[in-house]
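Enquirer: Sharing protein-v4.tsv (TSV, C-alpha atoms) below.
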chain	number	residue	atom	x	y	z
A	1	MET	CA	-30.63	24.02	0.83
A	2	ILE	CA	-28.67	24.57	4.06
A	3	ALA	CA	-27.05	27.97	4.50
A	4	GLY	CA	-23.27	28.03	4.29
A	5	THR	CA	-22.58	28.53	7.99
A	6	ALA	CA	-25.00	25.78	8.99
A	7	LEU	CA	-23.52	23.41	6.45
A	8	SER	CA	-20.04	24.14	7.77
A	9	LEU	CA	-21.39	23.49	11.25
A	10	ILE	CA	-22.49	19.97	10.33
A	11	VAL	CA	-19.11	19.12	8.84
A	12	ALA	CA	-17.23	20.52	11.85
A	13	LEU	CA	-19.53	18.96	14.44
A	14	LEU	CA	-19.62	15.41	13.17
A	15	GLY	CA	-15.89	15.06	12.79
A	16	GLY	CA	-16.42	11.98	10.63
A	17	ALA	CA	-14.37	13.49	7.84
A	18	GLN	CA	-10.64	13.37	7.86
A	19	THR	CA	-8.55	16.13	6.36
A	20	PRO	CA	-6.95	14.63	3.25
A	21	PRO	CA	-3.22	15.02	2.68
A	22	GLU	CA	-2.35	18.25	0.94
A	23	GLY	CA	-2.93	17.94	-2.78
A	24	GLU	CA	-4.93	14.69	-2.53
A	25	THR	CA	-8.06	14.75	-4.65
A	26	ALA	CA	-11.03	12.41	-4.93
A	27	ARG	CA	-10.97	10.04	-7.87
A	28	CYS	CA	-13.32	7.45	-9.24
A	29	GLU	CA	-12.89	5.30	-12.28
A	30	GLN	CA	-14.80	2.63	-14.14
A	31	VAL	CA	-11.71	0.51	-14.75
A	32	ASP	CA	-13.60	-1.99	-16.88
A	33	ALA	CA	-17.17	-3.20	-17.21
A	34	ALA	CA	-16.92	-5.10	-13.92
A	35	THR	CA	-14.56	-2.98	-11.79
A	36	PHE	CA	-15.16	0.43	-10.23
A	37	MET	CA	-12.57	2.25	-8.09
A	38	LEU	CA	-13.04	4.90	-5.41
A	39	GLN	CA	-9.82	6.58	-4.32
A	40	GLY	CA	-8.98	9.58	-2.16
A	41	PRO	CA	-11.18	11.74	0.10
A	42	VAL	CA	-14.92	11.11	0.16
A	43	ASP	CA	-16.34	14.45	-0.87
A	44	GLU	CA	-18.73	16.12	-3.28
A	45	ALA	CA	-16.34	15.59	-6.19
A	46	MET	CA	-16.25	11.84	-5.54
A	47	ALA	CA	-20.04	11.68	-5.28
A	48	ASP	CA	-20.48	13.60	-8.53
A	49	CYS	CA	-17.94	11.37	-10.25
A	50	ALA	CA	-19.71	8.24	-9.05
A	51	ARG	CA	-23.06	9.51	-10.34
A	52	ALA	CA	-21.57	10.21	-13.75
A	53	THR	CA	-19.31	7.17	-14.08
A	54	LEU	CA	-20.62	4.12	-12.23
A	55	ALA	CA	-21.73	1.37	-14.62
A	56	PRO	CA	-24.63	-0.96	-13.74
A	57	THR	CA	-22.43	-3.89	-14.81
A	58	THR	CA	-20.09	-3.31	-11.84
A	59	THR	CA	-19.45	-6.36	-9.65
A	60	VAL	CA	-16.13	-5.37	-8.03
A	61	LEU	CA	-15.57	-2.21	-5.99
A	62	VAL	CA	-11.98	-1.26	-5.14
A	63	VAL	CA	-11.60	1.29	-2.33
A	64	ASP	CA	-8.56	3.25	-1.18
A	65	SER	CA	-9.73	6.17	0.92
A	66	GLY	CA	-8.95	8.01	4.12
A	67	GLY	CA	-12.64	8.79	4.56
A	68	GLY	CA	-14.52	12.05	4.40
A	69	ASP	CA	-17.96	13.59	4.43
A	70	LEU	CA	-20.77	11.43	5.87
A	71	ARG	CA	-23.45	12.86	3.60
A	72	HIS	CA	-21.52	12.27	0.40
A	73	ALA	CA	-20.46	8.80	1.59
A	74	MET	CA	-24.11	7.85	2.05
A	75	ASP	CA	-24.95	9.36	-1.34
A	76	ILE	CA	-22.34	7.13	-2.96
A	77	ALA	CA	-23.47	4.10	-0.96
A	78	GLU	CA	-27.01	4.55	-2.22
A	79	LEU	CA	-25.72	4.55	-5.80
A	80	LEU	CA	-23.89	1.27	-5.12
A	81	GLU	CA	-26.70	-0.45	-3.19
A	82	PRO	CA	-28.46	-2.08	-6.17
A	83	LEU	CA	-25.25	-3.88	-7.19
A	84	SER	CA	-23.94	-7.27	-6.06
A	85	LEU	CA	-20.40	-6.42	-5.05
A	86	THR	CA	-17.10	-7.92	-4.09
A	87	VAL	CA	-15.34	-5.09	-2.26
A	88	ARG	CA	-11.54	-4.99	-2.20
A	89	VAL	CA	-9.74	-2.75	0.31
A	90	ARG	CA	-6.51	-1.52	-1.26
A	91	GLU	CA	-4.13	0.28	1.12
A	92	ARG	CA	-6.81	1.83	3.37
A	93	CYS	CA	-10.49	2.26	4.06
A	94	TYR	CA	-10.92	4.73	6.88
A	95	SER	CA	-13.80	6.56	8.50
A	96	SER	CA	-16.74	7.07	6.12
A	97	CYS	CA	-15.27	4.65	3.61
A	98	ALA	CA	-15.49	1.88	6.21
A	99	ASN	CA	-18.81	3.03	7.64
A	100	TYR	CA	-20.79	3.03	4.42
A	101	PHE	CA	-18.93	1.22	1.63
A	102	LEU	CA	-17.89	-2.03	3.32
A	103	PRO	CA	-21.42	-3.01	4.49
A	104	LEU	CA	-22.43	-3.11	0.80
A	105	ALA	CA	-20.15	-6.07	0.13
A	106	GLU	CA	-21.39	-9.57	-0.50
A	107	ARG	CA	-17.72	-10.56	-0.24
A	108	LEU	CA	-14.95	-8.47	1.32
A	109	ILE	CA	-11.25	-8.85	0.55
A	110	VAL	CA	-8.64	-6.91	2.53
A	111	GLU	CA	-5.61	-6.86	0.26
A	112	PRO	CA	-2.04	-7.35	1.58
A	113	GLY	CA	-0.88	-4.34	3.57
A	114	ALA	CA	-4.34	-2.77	3.72
A	115	ALA	CA	-6.12	-1.58	6.86
A	116	ILE	CA	-9.66	-0.69	7.91
A	117	VAL	CA	-9.98	2.09	10.47
A	118	LEU	CA	-13.10	3.49	12.14
A	119	HIS	CA	-13.53	7.06	13.33
A	120	GLY	CA	-17.22	7.09	14.26
A	121	GLY	CA	-20.46	8.11	12.60
A	122	ALA	CA	-23.51	10.16	13.51
A	123	ASP	CA	-24.98	9.47	16.94
A	124	PRO	CA	-27.46	10.85	19.50
A	125	LYS	CA	-24.84	11.43	22.20
A	126	PHE	CA	-23.04	13.89	19.96
A	127	LEU	CA	-26.33	15.60	19.08
A	128	HIS	CA	-27.34	15.85	22.74
A	129	GLU	CA	-24.02	17.43	23.70
A	130	GLU	CA	-24.24	19.96	20.88
A	131	MET	CA	-27.75	20.95	21.96
A	132	THR	CA	-26.76	21.38	25.61
A	133	GLU	CA	-23.24	22.22	26.80
A	134	ARG	CA	-21.86	23.25	23.38
A	135	ARG	CA	-24.86	25.24	22.15
A	136	GLU	CA	-23.78	28.65	23.44
A	137	PRO	CA	-20.14	28.46	22.24
A	138	ARG	CA	-21.33	27.34	18.79
A	139	ILE	CA	-23.77	30.25	18.50
A	140	ARG	CA	-21.11	32.75	19.55
A	141	GLU	CA	-18.72	31.24	16.99
A	142	ILE	CA	-21.30	31.65	14.22
A	143	MET	CA	-21.87	35.28	15.24
A	144	ARG	CA	-18.15	35.95	15.15
A	145	VAL	CA	-17.28	34.07	11.96
A	146	ALA	CA	-20.37	34.94	9.91
A	147	GLY	CA	-20.81	38.46	11.24
A	148	VAL	CA	-24.52	37.98	12.02
A	149	ASP	CA	-26.68	38.91	15.01
A	150	ARG	CA	-27.72	36.42	17.67
A	151	ALA	CA	-31.14	35.64	16.20
A	152	GLU	CA	-29.62	34.73	12.84
A	153	ALA	CA	-26.83	32.72	14.54
A	154	GLU	CA	-29.43	30.75	16.50
A	155	ARG	CA	-31.37	30.08	13.32
A	156	ARG	CA	-28.26	28.80	11.55
A	157	PHE	CA	-27.31	26.68	14.53
A	158	GLU	CA	-30.76	25.05	14.65
A	159	THR	CA	-30.60	24.42	10.90
A	160	GLY	CA	-27.28	22.66	11.42
A	161	ILE	CA	-28.71	20.61	14.29
A	162	GLU	CA	-31.62	19.50	12.10
A	163	GLY	CA	-29.11	18.47	9.45
A	164	ILE	CA	-27.37	16.26	12.03
A	165	ARG	CA	-30.70	14.71	13.03
A	166	THR	CA	-31.30	13.90	9.37
A	167	LEU	CA	-27.88	12.21	9.11
A	168	ILE	CA	-28.58	10.13	12.22
A	169	ARG	CA	-31.91	8.95	10.78
A	170	ARG	CA	-30.36	8.27	7.39
A	171	GLN	CA	-27.54	6.25	8.95
A	172	ALA	CA	-30.02	4.21	11.00
A	173	GLU	CA	-32.02	3.39	7.87
A	174	PHE	CA	-28.83	2.35	6.07
A	175	ALA	CA	-27.92	0.09	9.01
A	176	ARG	CA	-31.34	-1.58	8.92
A	177	ARG	CA	-31.15	-2.20	5.19
A	178	HIS	CA	-27.75	-3.89	5.46
A	179	ASN	CA	-28.03	-5.51	8.90
A	180	VAL	CA	-25.15	-3.45	10.28
A	181	GLY	CA	-24.57	-3.48	14.04
A	182	PRO	CA	-24.77	0.09	15.43
A	183	GLY	CA	-21.40	-0.48	17.07
A	184	TRP	CA	-19.86	-0.34	13.59
A	185	PHE	CA	-20.56	3.40	13.64
A	186	MET	CA	-19.42	3.60	17.31
A	187	TYR	CA	-23.00	4.62	17.93
A	188	ARG	CA	-23.61	6.14	21.36
A	189	GLU	CA	-26.79	7.11	23.15
A	190	PRO	CA	-26.96	10.09	25.54
A	191	GLY	CA	-25.31	9.02	28.79
A	192	ASP	CA	-22.98	6.50	27.14
A	193	ARG	CA	-19.28	6.73	27.89
A	194	ASP	CA	-16.58	6.34	25.28
A	195	LEU	CA	-17.53	3.35	23.06
A	196	GLY	CA	-21.14	3.16	24.17
A	197	ARG	CA	-23.54	0.29	24.75
A	198	TRP	CA	-23.41	-1.23	21.26
A	199	LEU	CA	-19.88	-2.65	21.57
A	200	THR	CA	-18.63	-5.26	24.01
A	201	GLY	CA	-15.21	-6.84	24.62
A	202	GLU	CA	-11.67	-5.64	25.13
A	203	ARG	CA	-9.91	-3.03	23.02
A	204	GLY	CA	-6.27	-2.07	22.86
A	205	PRO	CA	-4.63	0.46	25.20
A	206	LYS	CA	-5.28	4.15	24.66
A	207	PRO	CA	-2.40	5.92	22.92
A	208	HIS	CA	-2.26	8.57	25.66
A	209	LEU	CA	-4.05	9.62	28.84
A	210	PHE	CA	-6.53	11.82	27.01
A	211	GLY	CA	-7.96	9.03	24.86
A	212	TRP	CA	-7.96	8.05	21.19
A	213	ARG	CA	-9.41	9.00	17.81
A	214	TYR	CA	-9.10	6.02	15.46
A	215	MET	CA	-9.72	2.29	15.81
A	216	LEU	CA	-7.98	-0.36	13.73
A	217	VAL	CA	-10.60	-2.97	12.80
A	218	GLU	CA	-9.72	-6.61	13.43
A	219	GLU	CA	-11.67	-9.71	12.43
A	220	PRO	CA	-13.82	-10.20	15.58
A	221	MET	CA	-15.29	-6.73	15.21
A	222	ILE	CA	-15.99	-6.70	11.50
A	223	ARG	CA	-17.43	-10.23	11.47
A	224	SER	CA	-19.86	-9.41	14.29
A	225	CYS	CA	-20.82	-5.96	13.00
A	226	LEU	CA	-21.28	-6.99	9.34
A	227	PRO	CA	-22.78	-10.50	9.70
A	228	ASP	CA	-24.15	-10.64	6.16
A	229	VAL	CA	-20.75	-10.00	4.54
A	230	GLU	CA	-18.53	-12.93	3.54
A	231	ILE	CA	-15.11	-11.85	4.79
A	232	GLU	CA	-11.90	-13.37	3.51
A	233	PRO	CA	-9.61	-13.97	6.54
A	234	PHE	CA	-7.10	-11.15	7.01
A	235	GLN	CA	-6.12	-11.10	10.70
A	236	ALA	CA	-2.73	-12.79	10.29
A	237	ARG	CA	-1.73	-10.42	7.48
A	238	LEU	CA	-2.95	-7.41	9.45
A	239	GLU	CA	-0.75	-8.32	12.38
A	240	ALA	CA	2.29	-9.06	10.23
A	241	GLU	CA	1.98	-6.11	7.85
A	242	PHE	CA	0.51	-3.35	10.03
A	243	ILE	CA	0.64	-4.08	13.75
A	244	ASP	CA	4.09	-5.69	13.76
A	245	ASP	CA	5.51	-3.06	11.39
A	246	ARG	CA	7.16	-0.78	13.94
A	247	GLU	CA	7.21	2.33	11.77
A	248	ARG	CA	3.66	1.99	10.51
A	249	TRP	CA	2.24	1.11	13.92
A	250	ALA	CA	4.12	4.01	15.55
A	251	ARG	CA	2.58	6.44	13.02
A	252	PHE	CA	-0.88	5.07	13.75
A	253	ARG	CA	-0.38	5.41	17.50
A	254	ARG	CA	0.86	8.99	17.08
A	255	ALA	CA	-2.35	9.69	15.17
A	256	GLU	CA	-4.19	8.52	18.32
A	257	GLY	CA	-5.10	5.05	17.12
A	258	LEU	CA	-5.79	1.79	18.96
A	259	ARG	CA	-6.69	-1.83	18.18
A	260	SER	CA	-10.21	-3.28	18.30
A	261	LEU	CA	-8.84	-6.60	19.66
A	262	THR	CA	-11.88	-8.61	20.87
A	263	LEU	CA	-14.51	-5.88	20.49
A	264	GLU	CA	-17.76	-7.08	18.90
A	265	CYS	CA	-21.05	-5.49	18.02
A	266	ALA	CA	-23.69	-6.50	20.56
A	267	GLU	CA	-27.24	-5.73	21.62
A	268	PRO	CA	-27.28	-3.56	24.77
A	269	GLU	CA	-29.05	-6.24	26.83
A	270	ARG	CA	-26.10	-8.61	26.23
A	271	ARG	CA	-23.70	-6.33	28.09
Translate this file's structure into structure tokens.
Expert:
Amino acid sequence: MIAGTALSLIVALLGGAQTPPEGETARCEQVDAATFMLQGPVDEAMADCARATLAPTTTVLVVDSGGGDLRHAMDIAELLEPLSLTVRVRERCYSSCANYFLPLAERLIVEPGAAIVLHGGADPKFLHEEMTERREPRIREIMRVAGVDRAEAERRFETGIEGIRTLIRRQAEFARRHNVGPGWFMYREPGDRDLGRWLTGERGPKPHLFGWRYMLVEEPMIRSCLPDVEIEPFQARLEAEFIDDRERWARFRRAEGLRSLTLECAEPERR
């Protein structure tokens, strides 16, 4: 079991989790024999609930989540993998919800008003940067926060780094099992800039000079990245109910979001 500081390091480093609104709690429910719902932040409580509640008769998964912890998202995905699922996105499926729940669908339905947003997954570029330019600041932070000497801080840092390596391998295995394009996780290799080599096409404008954090998924991207999923058309509704809604789109831009536009998952040699 990973020591507390190292575990906190993984969560902080990956940044795949979003902070849920104050008071929001994870919820899962077996609505009926066929329908299972996942709602709220993806965390340990949601994973535990899914283990205790999910029925093998489930054929419909309803998701409404702002995302959360990569490890627990993959835990839940592995519970769902044996099932043949129609996945319905209700309101939102962000971050880890999109990364690991949507590829499980045989059929995907984006309900009216709903949106899919990516925030990135686990990738080697991030790991490389943590092991090089950010290594020393991280170790000093562990020493300060945990009150340990340098040798112990280095040990905890390396334990956290190994945990990230494990997540990268686990994500890659998940992608192979479900034929997911690495660009779906915004997967970057060391040396890649911004989106990396696994995505090609034109995206929307950055919300400010310093960049962006979230990407609104449009049909070209999801159809190319999840080729085995039957996707009910949703582009026209997305534009009418999210992009053309001034208030909603302004909130998304303030949160540092942009459109995927014509981005598609691609093999690096196609770039």
Enquirer: Please, what distance in Å, to one decimal, runs between CA of Ile76 (chain A) and CA of Ala50 (chain A)?
Expert: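 Computing the Euclidean distance for CA of Ile76 (chain A) and CA of Ala50 (chain A) yields 6.7 Å.
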Enquirer: For Val229 (chain A), please output as a CSV table (one decimal) with C-alpha atoms, keeping the file's coordinate frame all residues within 6 Å (counting all atoms listed in the file; exclusion window: fewer than 4 positions along the same chain).
Expert:
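The result, written out as around.csv:
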chain,number,residue,atom,x,y,z
A,105,ALA,CA,-20.2,-6.1,0.1
A,106,GLU,CA,-21.4,-9.6,-0.5
A,107,ARG,CA,-17.7,-10.6,-0.2
Enquirer: If we count all atoms listed in the file and set the cut-off at 8 Å, which residues sit around Leu118 (chain A), ignoring sequence neighbours fewer than 6 positions away in its own chain? Please answer as a VMD selection string.
Expert: chain A and resid 94 to 96 98 to 99 184 to 185 214 to 217
Enquirer: Would you compute the distance between CA of Ala255 (chain A) and CA of Lys125 (chain A)? Give it in Å to one decimal.
Expert: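 According to the coordinates, CA of Ala255 (chain A) and CA of Lys125 (chain A) are separated by 23.6 Å.
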Enquirer: Considering all atoms listed in the file, can you say which of A:Leu209, A:Leu263, A:Leu85, A:Val148 comes closest to Leu195 (chain A)?
Expert: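 The shortest atom-to-atom distance to Leu195 (chain A) comes from A:Leu263.
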Enquirer: Can you tell me which residues surround Glu158 (chain A) at a distance of at most 10 Å, considering only C-alpha atoms, apart from same-chain residues fewer than 5 positions away, and format the answer as a VMD selection string?
Expert: chain A and resid 6 131 135 139 152 to 153 163 to 164
Enquirer: Extract, using all atoms listed in the file, all DNA, RNA and protein residues at most 12 Å from Ala151 (chain A), discarding same-chain residues fewer than 4 positions from it, and format them as number ranges by chain.
Expert: A: 139-140, 142-143, 147, 155-158
Enquirer: Using all atoms listed in the file, determine which residues lie at most 9 Å from region 238-247 of chain A, disregarding the query and same-chain residues fewer than 5 positions distant; provide the list as number ranges by chain.
Expert: A: 110, 112-115, 218, 252, 259
Enquirer: Quote the spacing between CA of Arg254 (chain A) and CA of Asp123 (chain A) in Å to one decimal place.
Expert: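 We find that CA of Arg254 (chain A) and CA of Asp123 (chain A) lie 25.8 Å from each other.
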Enquirer: Take the point (-13.9, 7.0, -3.6) in the file's coordinates, draw a sphere of radius 12 Å around it, and report as a PyMOL selection string every protein, DNA or RNA residue with an atom inside or on it, counting all atoms listed in the file.
Expert: chain A and resi 24-30+36-51+53-54+61-69+72-77+80+89-90+92-94+96-98+100-101
